[in-house]
$ cat coords_9.txt   # compact mmCIF, C-alpha atoms
# COMPACT_ATOMS: atom_id res chain seq x y z
CA MET A 244 0.45 2.58 15.61
CA ASN A 245 -2.17 4.47 17.58
CA LEU A 246 -3.96 7.40 16.02
CA LYS A 247 -3.07 10.30 18.28
CA ASN A 248 -4.67 13.24 16.53
CA VAL A 249 -8.24 12.13 16.66
CA SER A 250 -10.67 12.25 19.54
CA CYS A 251 -13.03 9.37 18.93
CA ARG A 252 -15.63 8.32 21.46
CA VAL A 253 -18.61 6.06 21.88
CA VAL A 254 -21.76 8.11 22.37
CA ALA A 255 -24.27 5.25 22.44
CA VAL A 256 -24.43 1.47 22.51
CA LEU A 257 -27.41 -0.55 21.33
CA ALA A 258 -28.58 -4.14 21.32
CA VAL A 259 -31.40 -6.11 19.80
CA ASP A 260 -34.40 -6.33 22.09
CA ASP A 261 -36.67 -8.42 19.83
CA PRO A 262 -34.65 -11.29 18.32
CA ALA A 263 -37.15 -11.49 15.44
CA HIS A 264 -36.00 -8.11 14.14
CA PHE A 265 -32.67 -6.42 13.48
CA ARG A 266 -33.74 -3.15 15.14
CA THR A 267 -31.62 -2.23 18.15
CA GLY A 268 -32.35 -0.14 21.21
CA ALA A 269 -30.12 1.80 23.60
CA VAL A 270 -28.48 -0.10 26.47
CA ALA A 271 -26.03 1.01 29.14
CA GLY A 272 -23.23 -1.15 27.79
CA LEU A 273 -22.39 -4.28 25.80
CA ASN A 274 -20.45 -7.26 27.09
CA LEU A 275 -18.68 -9.10 24.31
CA ASP A 276 -16.85 -12.37 24.21
CA LEU A 277 -14.91 -13.57 21.17
CA GLN A 278 -18.11 -14.71 19.45
CA GLY A 279 -19.80 -11.33 19.70
CA ILE A 280 -22.82 -9.99 21.55
CA PHE A 281 -24.82 -12.32 23.78
CA GLY A 282 -28.29 -12.93 22.42
CA ASP A 283 -27.56 -11.33 19.06
CA ARG A 284 -28.37 -13.00 15.75
CA HIS A 285 -24.86 -12.20 14.47
CA ARG A 286 -23.19 -13.97 17.36
CA GLY A 287 -20.82 -16.80 16.39
CA PHE A 288 -17.46 -17.66 14.87
CA THR A 289 -19.28 -18.82 11.77
CA ARG A 290 -22.46 -17.88 9.92
CA ARG A 291 -24.44 -18.90 6.85
CA ALA A 292 -23.70 -17.23 3.52
CA GLY A 293 -26.56 -15.04 2.37
CA ALA A 294 -27.49 -12.37 -0.15
CA ARG A 295 -24.35 -10.36 0.62
CA GLU A 296 -22.12 -13.22 -0.56
CA PRO A 297 -23.65 -14.11 -3.92
CA TRP A 298 -20.35 -15.82 -4.80
CA TYR A 299 -20.94 -18.55 -2.17
CA PRO A 300 -23.70 -21.15 -2.32
CA ARG A 301 -26.48 -19.73 -0.16
CA GLY A 302 -26.46 -21.29 3.27
CA SER A 303 -22.79 -22.38 3.19
CA GLU A 304 -21.16 -22.23 6.58
CA MET A 305 -18.53 -19.50 6.46
CA ARG A 306 -16.25 -17.78 8.90
CA SER A 307 -17.98 -14.68 10.27
CA GLY A 308 -16.42 -11.25 10.56
CA ARG A 309 -19.61 -9.39 11.32
CA GLN A 310 -20.41 -9.55 15.01
CA VAL A 311 -20.80 -5.82 15.57
CA SER A 312 -22.18 -2.92 13.48
CA LEU A 313 -20.70 0.54 14.04
CA VAL A 314 -21.98 3.85 12.72
CA SER A 315 -21.04 7.48 13.30
CA VAL A 316 -23.04 10.53 14.32
CA GLU A 317 -21.53 12.46 11.43
CA GLU A 318 -22.39 9.89 8.75
CA LEU A 319 -25.93 9.35 10.09
CA ALA A 320 -26.46 13.12 9.88
CA GLU A 321 -25.21 13.21 6.31
CA VAL A 322 -27.54 10.38 5.26
CA ALA A 323 -30.46 12.14 6.98
CA ARG A 324 -29.57 15.33 5.11
CA ARG A 325 -29.54 13.49 1.78
CA LEU A 326 -32.88 11.84 2.56
CA GLU A 327 -34.34 15.15 3.74
CA ILE A 328 -35.50 13.63 7.00
CA PRO A 329 -35.00 15.33 10.37
CA VAL A 330 -33.16 12.43 12.00
CA LEU A 331 -31.84 8.94 11.25
CA GLU A 332 -31.72 6.85 14.41
CA ALA A 333 -28.87 4.31 14.72
CA GLY A 334 -31.29 1.75 16.13
CA TRP A 335 -33.49 1.79 13.02
CA ILE A 336 -30.65 0.33 11.00
CA GLY A 337 -29.52 -2.17 13.62
CA ALA A 338 -26.30 -0.47 14.74
CA ASN A 339 -24.62 -1.58 17.98
CA VAL A 340 -22.14 1.24 18.53
CA VAL A 341 -22.41 4.93 17.66
CA LEU A 342 -19.09 6.77 17.38
CA GLU A 343 -18.39 10.47 17.21
CA GLY A 344 -15.27 12.38 16.24
CA LEU A 345 -13.73 9.99 13.72
CA PRO A 346 -13.70 11.26 10.13
CA ASP A 347 -14.93 8.87 7.40
CA LEU A 348 -15.72 5.88 9.63
CA THR A 349 -16.97 3.90 6.63
CA GLY A 350 -13.64 4.37 4.82
CA LEU A 351 -11.51 3.35 7.81
CA PRO A 352 -8.79 0.95 6.62
CA TRP A 353 -9.57 -2.74 6.99
CA GLY A 354 -7.89 -4.35 9.94
CA THR A 355 -7.87 -1.19 12.05
CA ARG A 356 -8.29 -2.10 15.73
CA LEU A 357 -10.74 -0.15 17.87
CA VAL A 358 -9.71 -0.33 21.52
CA PHE A 359 -12.56 0.52 23.90
CA SER A 360 -12.09 1.79 27.43
CA GLY A 361 -14.17 -1.17 28.69
CA GLY A 362 -11.53 -3.59 27.43
CA ALA A 363 -13.11 -4.90 24.24
CA VAL A 364 -11.10 -4.69 21.03
CA LEU A 365 -12.79 -4.84 17.62
CA VAL A 366 -11.21 -5.39 14.21
CA ASN A 367 -12.62 -3.44 11.27
CA GLU A 368 -13.87 -5.89 8.63
CA GLY A 369 -14.84 -3.22 6.15
CA GLU A 370 -17.80 -1.17 5.16
CA ASN A 371 -21.38 -2.22 5.69
CA ALA A 372 -23.63 -2.28 2.65
CA PRO A 373 -26.95 -0.43 2.88
CA CYS A 374 -29.85 -2.83 2.38
CA ARG A 375 -33.55 -2.46 1.73
CA PHE A 376 -34.48 -4.06 5.06
CA ALA A 377 -32.78 -1.24 6.90
CA GLY A 378 -34.30 1.13 4.36
CA ALA A 379 -37.76 -0.27 5.05
CA GLU A 380 -37.32 0.37 8.76
CA VAL A 381 -36.26 3.96 8.07
CA ALA A 382 -39.25 4.39 5.74
CA ARG A 383 -41.63 3.08 8.43
CA HIS A 384 -40.94 6.24 10.43
CA PHE A 385 -41.87 8.52 7.53
CA PRO A 386 -45.03 6.98 6.06
CA ALA A 387 -45.71 10.05 3.90
CA ARG A 388 -42.44 9.52 1.98
CA ALA A 389 -42.86 6.96 -0.82
CA GLY A 390 -39.74 5.08 -1.93
CA LEU A 391 -37.65 6.05 1.06
CA ASP A 392 -36.46 2.44 1.49
CA ARG A 393 -34.76 2.39 -1.91
CA LEU A 394 -33.56 5.95 -1.51
CA PHE A 395 -31.85 4.95 1.75
CA ALA A 396 -29.92 2.19 0.02
CA LYS A 397 -28.54 4.77 -2.43
CA ALA A 398 -27.98 7.64 -0.03
CA ALA A 399 -26.12 5.53 2.51
CA VAL A 400 -23.48 4.11 0.17
CA HIS A 401 -20.06 4.71 1.80
CA LEU A 402 -21.86 6.20 4.81
CA ARG A 403 -23.33 3.05 6.37
CA GLY A 404 -20.51 2.46 8.87
CA ILE A 405 -18.48 -0.70 9.32
CA LEU A 406 -18.77 -4.29 10.47
CA ALA A 407 -16.30 -5.68 12.96
CA ARG A 408 -15.26 -8.83 14.74
CA VAL A 409 -14.27 -9.09 18.37
CA GLU A 410 -10.53 -9.64 18.86
CA LEU A 411 -10.44 -9.29 22.63
CA ALA A 412 -13.38 -9.84 24.97
CA GLY A 413 -14.58 -6.98 27.16
CA ALA A 414 -17.16 -4.25 27.45
CA ILE A 415 -18.18 -1.35 25.25
CA ALA A 416 -19.82 1.63 26.89
CA PRO A 417 -19.85 5.37 26.21
CA GLY A 418 -16.33 6.77 26.50
CA ALA A 419 -13.05 7.13 24.65
CA VAL A 420 -11.87 4.85 21.84
CA THR A 421 -8.26 4.42 20.75
CA LEU A 422 -7.60 3.46 17.13
CA ARG A 423 -4.63 1.38 16.14
CA MET A 424 -3.91 0.91 12.48
CA ALA A 425 -1.19 -0.61 10.38
CA LYS A 426 0.93 1.88 8.51
CA GLN A 427 -0.86 2.36 5.21
CA ARG A 428 1.04 1.88 2.01
CA ASP A 429 -0.10 1.50 -1.56
CA TRP A 430 -0.27 -1.97 -3.01
CA LYS A 431 2.25 -2.08 -5.84
CA GLY A 432 -0.10 -4.19 -7.92
CA GLY A 433 -2.71 -1.45 -7.71
CA GLY A 434 -2.51 -0.80 -11.45
CA LEU A 435 -4.21 -4.16 -11.94
CA LEU A 436 -7.44 -2.95 -10.39
CA MET B 769 -14.49 -7.39 -7.73
CA ASN B 770 -12.23 -10.07 -9.15
CA LEU B 771 -8.74 -9.17 -10.31
CA LYS B 772 -8.76 -10.07 -13.98
CA ASN B 773 -5.39 -8.93 -15.16
CA VAL B 774 -3.22 -11.08 -12.99
CA SER B 775 -2.36 -14.72 -13.38
CA CYS B 776 -1.79 -15.95 -9.86
CA ARG B 777 -1.27 -19.61 -9.05
CA VAL B 778 -0.29 -21.89 -6.23
CA VAL B 779 3.03 -23.56 -7.00
CA ALA B 780 3.47 -25.46 -3.72
CA VAL B 781 1.61 -26.27 -0.52
CA LEU B 782 3.30 -27.20 2.73
CA ALA B 783 2.34 -28.45 6.16
CA VAL B 784 4.06 -28.99 9.48
CA ASP B 785 5.42 -32.49 9.84
CA ASP B 786 6.92 -32.17 13.32
CA PRO B 787 4.43 -30.38 15.60
CA ALA B 788 7.32 -29.29 17.86
CA HIS B 789 8.66 -27.02 15.14
CA PHE B 790 7.20 -24.42 12.78
CA ARG B 791 9.12 -25.78 9.77
CA THR B 792 6.84 -27.02 7.00
CA GLY B 793 7.37 -29.58 4.24
CA ALA B 794 5.77 -30.10 0.85
CA VAL B 795 2.47 -31.98 0.67
CA ALA B 796 0.16 -32.74 -2.26
CA GLY B 797 -2.63 -30.56 -0.92
CA LEU B 798 -4.16 -29.02 2.20
CA ASN B 799 -7.68 -29.63 3.47
CA LEU B 800 -8.96 -26.71 5.48
CA ASP B 801 -12.03 -26.27 7.59
CA LEU B 802 -13.03 -22.94 9.12
CA GLN B 803 -10.52 -23.36 11.95
CA GLY B 804 -7.56 -23.83 9.63
CA ILE B 805 -5.20 -26.69 8.87
CA PHE B 806 -5.70 -30.02 10.63
CA GLY B 807 -2.82 -30.79 12.98
CA ASP B 808 -1.33 -27.30 12.75
CA ARG B 809 -0.36 -25.26 15.78
CA HIS B 810 -2.18 -22.23 14.37
CA ARG B 811 -5.46 -24.11 14.05
CA GLY B 812 -8.39 -22.58 15.93
CA PHE B 813 -10.87 -19.72 16.04
CA THR B 814 -8.92 -18.28 18.95
CA ARG B 815 -5.30 -18.20 20.08
CA ARG B 816 -3.18 -16.86 22.91
CA ALA B 817 -1.66 -13.39 22.61
CA GLY B 818 2.12 -13.50 22.29
CA ALA B 819 5.15 -11.40 21.41
CA ARG B 820 3.47 -10.04 18.28
CA GLU B 821 0.71 -8.44 20.33
CA PRO B 822 2.64 -6.57 23.02
CA TRP B 823 -0.47 -4.44 23.58
CA TYR B 824 -2.38 -7.43 25.02
CA PRO B 825 -1.54 -9.20 28.27
CA ARG B 826 0.55 -12.20 27.23
CA GLY B 827 -1.55 -15.34 27.12
CA SER B 828 -4.90 -13.57 26.71
CA GLU B 829 -7.32 -15.54 24.61
CA MET B 830 -7.91 -13.57 21.41
CA ARG B 831 -9.67 -14.11 18.11
CA SER B 832 -7.22 -15.58 15.63
CA GLY B 833 -6.76 -14.42 12.06
CA ARG B 834 -3.61 -16.40 11.36
CA GLN B 835 -4.44 -19.90 10.28
CA VAL B 836 -2.40 -19.90 7.08
CA SER B 837 0.93 -18.36 6.01
CA LEU B 838 1.36 -17.44 2.33
CA VAL B 839 4.55 -16.39 0.57
CA SER B 840 5.49 -15.73 -3.05
CA VAL B 841 8.22 -17.07 -5.28
CA GLU B 842 9.14 -13.53 -6.27
CA GLU B 843 9.46 -12.20 -2.72
CA LEU B 844 11.42 -15.25 -1.51
CA ALA B 845 13.84 -14.67 -4.39
CA GLU B 846 14.24 -11.01 -3.46
CA VAL B 847 14.97 -11.86 0.19
CA ALA B 848 17.51 -14.49 -0.92
CA ARG B 849 19.16 -11.90 -3.15
CA ARG B 850 19.39 -9.43 -0.27
CA LEU B 851 20.84 -12.11 2.01
CA GLU B 852 23.25 -13.27 -0.70
CA ILE B 853 22.14 -16.88 -0.34
CA PRO B 854 21.39 -19.10 -3.32
CA VAL B 855 17.88 -20.04 -2.21
CA LEU B 856 15.34 -19.36 0.53
CA GLU B 857 12.99 -22.31 0.94
CA ALA B 858 9.38 -21.56 1.89
CA GLY B 859 9.40 -24.47 4.35
CA TRP B 860 12.26 -22.98 6.40
CA ILE B 861 10.05 -20.09 7.40
CA GLY B 862 6.93 -22.14 8.00
CA ALA B 863 4.92 -21.11 4.95
CA ASN B 864 1.84 -23.13 3.95
CA VAL B 865 1.18 -21.80 0.46
CA VAL B 866 3.63 -20.56 -2.19
CA LEU B 867 2.11 -18.27 -4.83
CA GLU B 868 3.54 -17.09 -8.11
CA GLY B 869 2.49 -14.32 -10.47
CA LEU B 870 0.98 -11.84 -7.99
CA PRO B 871 2.93 -8.60 -7.60
CA ASP B 872 3.64 -7.39 -4.05
CA LEU B 873 1.89 -10.20 -2.16
CA THR B 874 2.94 -8.69 1.18
CA GLY B 875 1.29 -5.38 0.31
CA LEU B 876 -1.99 -6.95 -0.83
CA PRO B 877 -4.89 -4.99 0.67
CA TRP B 878 -6.35 -6.36 3.90
CA GLY B 879 -9.56 -8.25 3.42
CA THR B 880 -8.71 -9.43 -0.10
CA ARG B 881 -10.22 -12.89 -0.67
CA LEU B 882 -8.10 -15.59 -2.28
CA VAL B 883 -10.33 -18.13 -3.99
CA PHE B 884 -8.57 -21.46 -4.65
CA SER B 885 -9.57 -23.93 -7.32
CA GLY B 886 -9.95 -26.61 -4.60
CA GLY B 887 -12.77 -24.60 -3.02
CA ALA B 888 -11.06 -23.01 -0.03
CA VAL B 889 -11.33 -19.24 0.35
CA LEU B 890 -8.84 -17.29 2.48
CA VAL B 891 -9.10 -13.73 3.76
CA ASN B 892 -5.92 -11.64 3.84
CA GLU B 893 -5.25 -10.53 7.42
CA GLY B 894 -2.19 -8.48 6.57
CA GLU B 895 1.51 -8.81 6.34
CA ASN B 896 3.53 -11.30 8.30
CA ALA B 897 6.37 -9.93 10.41
CA PRO B 898 9.80 -11.52 9.99
CA CYS B 899 10.97 -13.02 13.25
CA ARG B 900 14.26 -14.34 14.57
CA PHE B 901 12.93 -17.90 14.91
CA ALA B 902 12.40 -18.03 11.16
CA GLY B 903 15.74 -16.27 10.77
CA ALA B 904 17.44 -18.92 12.92
CA GLU B 905 16.05 -21.66 10.71
CA VAL B 906 17.35 -19.89 7.60
CA ALA B 907 20.74 -19.42 9.28
CA ARG B 908 20.92 -23.13 10.14
CA HIS B 909 21.27 -23.89 6.44
CA PHE B 910 24.23 -21.53 6.04
CA PRO B 911 26.42 -22.22 9.08
CA ALA B 912 29.31 -20.22 7.66
CA ARG B 913 27.23 -17.01 7.69
CA ALA B 914 27.25 -15.37 11.12
CA GLY B 915 24.29 -13.15 12.02
CA LEU B 916 22.07 -14.39 9.22
CA ASP B 917 19.14 -14.76 11.62
CA ARG B 918 19.05 -11.06 12.44
CA LEU B 919 19.81 -10.13 8.86
CA PHE B 920 16.77 -12.14 7.73
CA ALA B 921 14.50 -10.20 10.05
CA LYS B 922 15.67 -6.97 8.39
CA ALA B 923 15.85 -8.18 4.79
CA ALA B 924 12.38 -9.71 4.84
CA VAL B 925 10.47 -6.64 6.02
CA HIS B 926 7.52 -6.13 3.61
CA LEU B 927 8.58 -9.30 1.78
CA ARG B 928 7.51 -11.92 4.33
CA GLY B 929 4.12 -12.65 2.77
CA ILE B 930 0.75 -12.55 4.48
CA LEU B 931 -1.31 -14.31 7.13
CA ALA B 932 -4.84 -15.37 6.38
CA ARG B 933 -7.94 -16.89 7.90
CA VAL B 934 -10.18 -19.45 6.28
CA GLU B 935 -13.53 -18.02 5.18
CA LEU B 936 -14.82 -21.06 3.30
CA ALA B 937 -13.69 -24.64 3.88
CA GLY B 938 -12.08 -26.57 1.05
CA ALA B 939 -8.78 -27.67 -0.42
CA ILE B 940 -5.68 -25.84 -1.57
CA ALA B 941 -3.48 -27.53 -4.13
CA PRO B 942 -1.29 -26.30 -6.98
CA GLY B 943 -3.38 -24.47 -9.55
CA ALA B 944 -5.04 -21.16 -10.29
CA VAL B 945 -6.11 -18.60 -7.68
CA THR B 946 -8.70 -15.89 -8.19
CA LEU B 947 -8.38 -12.69 -6.17
CA ARG B 948 -11.39 -10.70 -5.09
CA MET B 949 -10.85 -7.34 -3.46
CA ALA B 950 -12.97 -4.46 -2.34
CA LYS B 951 -12.63 -1.35 -4.43
CA GLN B 952 -9.80 0.57 -2.84
CA ARG B 953 -10.33 4.14 -1.84
CA ASP B 954 -8.34 6.46 0.35
CA TRP B 955 -9.47 6.95 3.90
CA LYS B 956 -10.44 10.61 4.20
CA GLY B 957 -8.96 10.75 7.68
CA GLY B 958 -5.57 9.71 6.28
CA GLY B 959 -4.02 13.05 7.19
CA LEU B 960 -4.26 12.00 10.82
CA LEU B 961 -1.69 9.24 10.35

$ encode --input "coords_9.txt" --output "structure tokens"
Amino acid sequence: MNLKNVSCRVVAVLAVDDPAHFRTGAVAGLNLDLQGIFGDRHRGFTRRAGAREPWYPRGSEMRSGRQVSLVSVEELAEVARRLEIPVLEAGWIGANVVLEGLPDLTGLPWGTRLVFSGGAVLVNEGENAPCRFAGAEVARHFPARAGLDRLFAKAAVHLRGILARVELAGAIAPGAVTLRMAKQRDWKGGGLL
Amino acid sequence: MNLKNVSCRVVAVLAVDDPAHFRTGAVAGLNLDLQGIFGDRHRGFTRRAGAREPWYPRGSEMRSGRQVSLVSVEELAEVARRLEIPVLEAGWIGANVVLEGLPDLTGLPWGTRLVFSGGAVLVNEGENAPCRFAGAEVARHFPARAGLDRLFAKAAVHLRGILARVELAGAIAPGAVTLRMAKQRDWKGGGLL
């Protein structure tokens, strides 16, 4: 069903400008096909397993669900507050889409579809994990603050936004987003967790 | 994290024998690559939108998350009980993998990884919807029972098992399954549903 009681919108879209780095910079819009963002290092139906999948042999070819990184204005502000820095730019941590108006983006149920006014549809593949590379980029902007890279990794837990795959090709540009999610119900085996 | 307190195992694997039909029959094992099951109609990174995605123009190319259909012994038995039939065979409804020992397979959280002893890893893409085609195949085995096709579609809601994509290539054969799921937490925007 569609979420009707939330006004969620894209306020910025970003893409990598230097393929050697994960930093992103503002662009007018993104055109996505089913493999992701043209020219992006995360483009592809498959990818190599890395440090985030310690359970797979490093370098194994695996199906990829992380074409696009989404963050929210509200969560970025909360991380900045925790780090006691005046601002945390989405581009420093390699985000592609900045949303506003959706509570708890990082906790959004897996499988939720984000339908953009430009036609693209993304599927939420779950929360992004803060890493020290992103932390190092944040720290680079505040050279007087020792240890900010590690601090970022802690402060951004459950506030780092989500990763998503492209379900339907199309564009993403500033404007409204509709959210469609499966009816949530508790797993009856939950006591096993 | 891995689910430790559940003993889940594959008791049967099935594949399509006649590509013109979705019925499946028992095989010794399945070999999967990242696109799915060789020779299966659901094989591929992408598929065409159909009746299950009324929100997309019919025939649109979309990313596919439904390479493999999984059902459970316990849920099949419950549907059979509701339909008052002596048995509901997994192959009648096109299943590829029959599991035993996992409570509430259909309600398993999205994104849960199923790690098979043959090396394949599947990602849960959510519950399968009962359809009248599967119902018609069930009904064909009980010609004396009028309306069993529609009845199936009702009786199997939340008991139809799950669809999954292949995350790591490998085999699936009878034997143990390990389940790895993200820590579940409630979405703080849940009141909007």

$ interface_residues --input "coords_9.txt" --of "chain B" --to "chain A" --cutoff "8 Å" --atoms "only C-alpha atoms" --output "JSON, numbers by chain"
{"B": [771, 772, 773, 774, 802, 813, 814, 829, 830, 831, 832, 870, 871, 872, 875, 876, 877, 878, 879, 893, 894, 934, 935, 936, 937, 953, 954, 955, 956, 957, 960, 961]}

$ atom_distance --input "coords_9.txt" --atom1 "CA of Leu838 (chain B)" --atom2 "CA of Leu931 (chain B)"
6.3 Å

$ closest_residue --input "coords_9.txt" --among "A:Glu317, A:Leu275, A:Arg291, A:Pro300" --to "Gly404 (chain A)" --atoms "all atoms listed in the file"
A:Glu317

$ atom_distance --input "coords_9.txt" --atom1 "CA of Ala258 (chain A)" --atom2 "CA of Arg423 (chain A)"
25.1 Å

$ closest_residue --input "coords_9.txt" --among "A:Arg266, A:Leu402, A:Pro417, A:Asp261" --to "Gly334 (chain A)" --atoms "all atoms listed in the file"
A:Arg266

$ decode --input "coords_9.txt" --residues "region 793-801 of chain B" --atoms "all heavy atoms" --output "PDB file, in the first residue's frame"
ATOM      1  N   GLY B 793       8.856 -30.640 -10.635  1.00  0.00           N
ATOM      2  CA  GLY B 793       8.993 -32.040 -10.206  1.00  0.00           C
ATOM      3  C   GLY B 793      10.312 -32.232  -9.474  1.00  0.00           C
ATOM      4  O   GLY B 793      11.272 -31.479  -9.677  1.00  0.00           O
ATOM      5  N   ALA B 794      10.349 -33.241  -8.638  1.00  0.00           N
ATOM      6  CA  ALA B 794      11.519 -33.482  -7.782  1.00  0.00           C
ATOM      7  C   ALA B 794      12.780 -33.734  -8.595  1.00  0.00           C
ATOM      8  O   ALA B 794      12.755 -34.426  -9.616  1.00  0.00           O
ATOM      9  CB  ALA B 794      11.250 -34.667  -6.863  1.00  0.00           C
ATOM     10  N   VAL B 795      13.871 -33.143  -8.145  1.00  0.00           N
ATOM     11  CA  VAL B 795      15.196 -33.383  -8.723  1.00  0.00           C
ATOM     12  C   VAL B 795      16.163 -33.612  -7.560  1.00  0.00           C
ATOM     13  O   VAL B 795      15.840 -33.333  -6.399  1.00  0.00           O
ATOM     14  CB  VAL B 795      15.682 -32.183  -9.584  1.00  0.00           C
ATOM     15  CG1 VAL B 795      14.855 -32.046 -10.848  1.00  0.00           C
ATOM     16  CG2 VAL B 795      15.655 -30.881  -8.785  1.00  0.00           C
ATOM     17  N   ALA B 796      17.359 -34.124  -7.884  1.00  0.00           N
ATOM     18  CA  ALA B 796      18.321 -34.418  -6.810  1.00  0.00           C
ATOM     19  C   ALA B 796      18.891 -33.138  -6.203  1.00  0.00           C
ATOM     20  O   ALA B 796      19.174 -33.063  -5.009  1.00  0.00           O
ATOM     21  CB  ALA B 796      19.460 -35.287  -7.359  1.00  0.00           C
ATOM     22  N   GLY B 797      19.043 -32.126  -7.038  1.00  0.00           N
ATOM     23  CA  GLY B 797      19.615 -30.877  -6.552  1.00  0.00           C
ATOM     24  C   GLY B 797      19.437 -29.789  -7.594  1.00  0.00           C
ATOM     25  O   GLY B 797      19.116 -30.067  -8.758  1.00  0.00           O
ATOM     26  N   LEU B 798      19.632 -28.547  -7.194  1.00  0.00           N
ATOM     27  CA  LEU B 798      19.559 -27.408  -8.111  1.00  0.00           C
ATOM     28  C   LEU B 798      20.917 -26.733  -8.148  1.00  0.00           C
ATOM     29  O   LEU B 798      21.542 -26.533  -7.101  1.00  0.00           O
ATOM     30  CB  LEU B 798      18.546 -26.373  -7.615  1.00  0.00           C
ATOM     31  CG  LEU B 798      17.057 -26.698  -7.659  1.00  0.00           C
ATOM     32  CD1 LEU B 798      16.272 -25.592  -6.959  1.00  0.00           C
ATOM     33  CD2 LEU B 798      16.580 -26.850  -9.108  1.00  0.00           C
ATOM     34  N   ASN B 799      21.372 -26.371  -9.337  1.00  0.00           N
ATOM     35  CA  ASN B 799      22.565 -25.543  -9.452  1.00  0.00           C
ATOM     36  C   ASN B 799      22.123 -24.143  -9.836  1.00  0.00           C
ATOM     37  O   ASN B 799      21.447 -23.967 -10.847  1.00  0.00           O
ATOM     38  CB  ASN B 799      23.516 -26.100 -10.514  1.00  0.00           C
ATOM     39  CG  ASN B 799      24.325 -27.246  -9.969  1.00  0.00           C
ATOM     40  OD1 ASN B 799      24.940 -27.120  -8.908  1.00  0.00           O
ATOM     41  ND2 ASN B 799      24.303 -28.380 -10.654  1.00  0.00           N
ATOM     42  N   LEU B 800      22.502 -23.173  -9.042  1.00  0.00           N
ATOM     43  CA  LEU B 800      22.062 -21.808  -9.309  1.00  0.00           C
ATOM     44  C   LEU B 800      23.254 -20.910  -9.588  1.00  0.00           C
ATOM     45  O   LEU B 800      24.284 -20.991  -8.907  1.00  0.00           O
ATOM     46  CB  LEU B 800      21.314 -21.235  -8.103  1.00  0.00           C
ATOM     47  CG  LEU B 800      20.060 -22.010  -7.695  1.00  0.00           C
ATOM     48  CD1 LEU B 800      20.377 -22.813  -6.439  1.00  0.00           C
ATOM     49  CD2 LEU B 800      18.905 -21.090  -7.442  1.00  0.00           C
ATOM     50  N   ASP B 801      23.108 -20.055 -10.589  1.00  0.00           N
ATOM     51  CA  ASP B 801      24.055 -18.951 -10.700  1.00  0.00           C
ATOM     52  C   ASP B 801      23.305 -17.689 -10.281  1.00  0.00           C
ATOM     53  O   ASP B 801      22.170 -17.756  -9.787  1.00  0.00           O
ATOM     54  CB  ASP B 801      24.688 -18.871 -12.099  1.00  0.00           C
ATOM     55  CG  ASP B 801      23.711 -18.423 -13.165  1.00  0.00           C
ATOM     56  OD1 ASP B 801      22.540 -18.102 -12.829  1.00  0.00           O
ATOM     57  OD2 ASP B 801      24.101 -18.395 -14.339  1.00  0.00           O
TER      58      ASP B 801
END
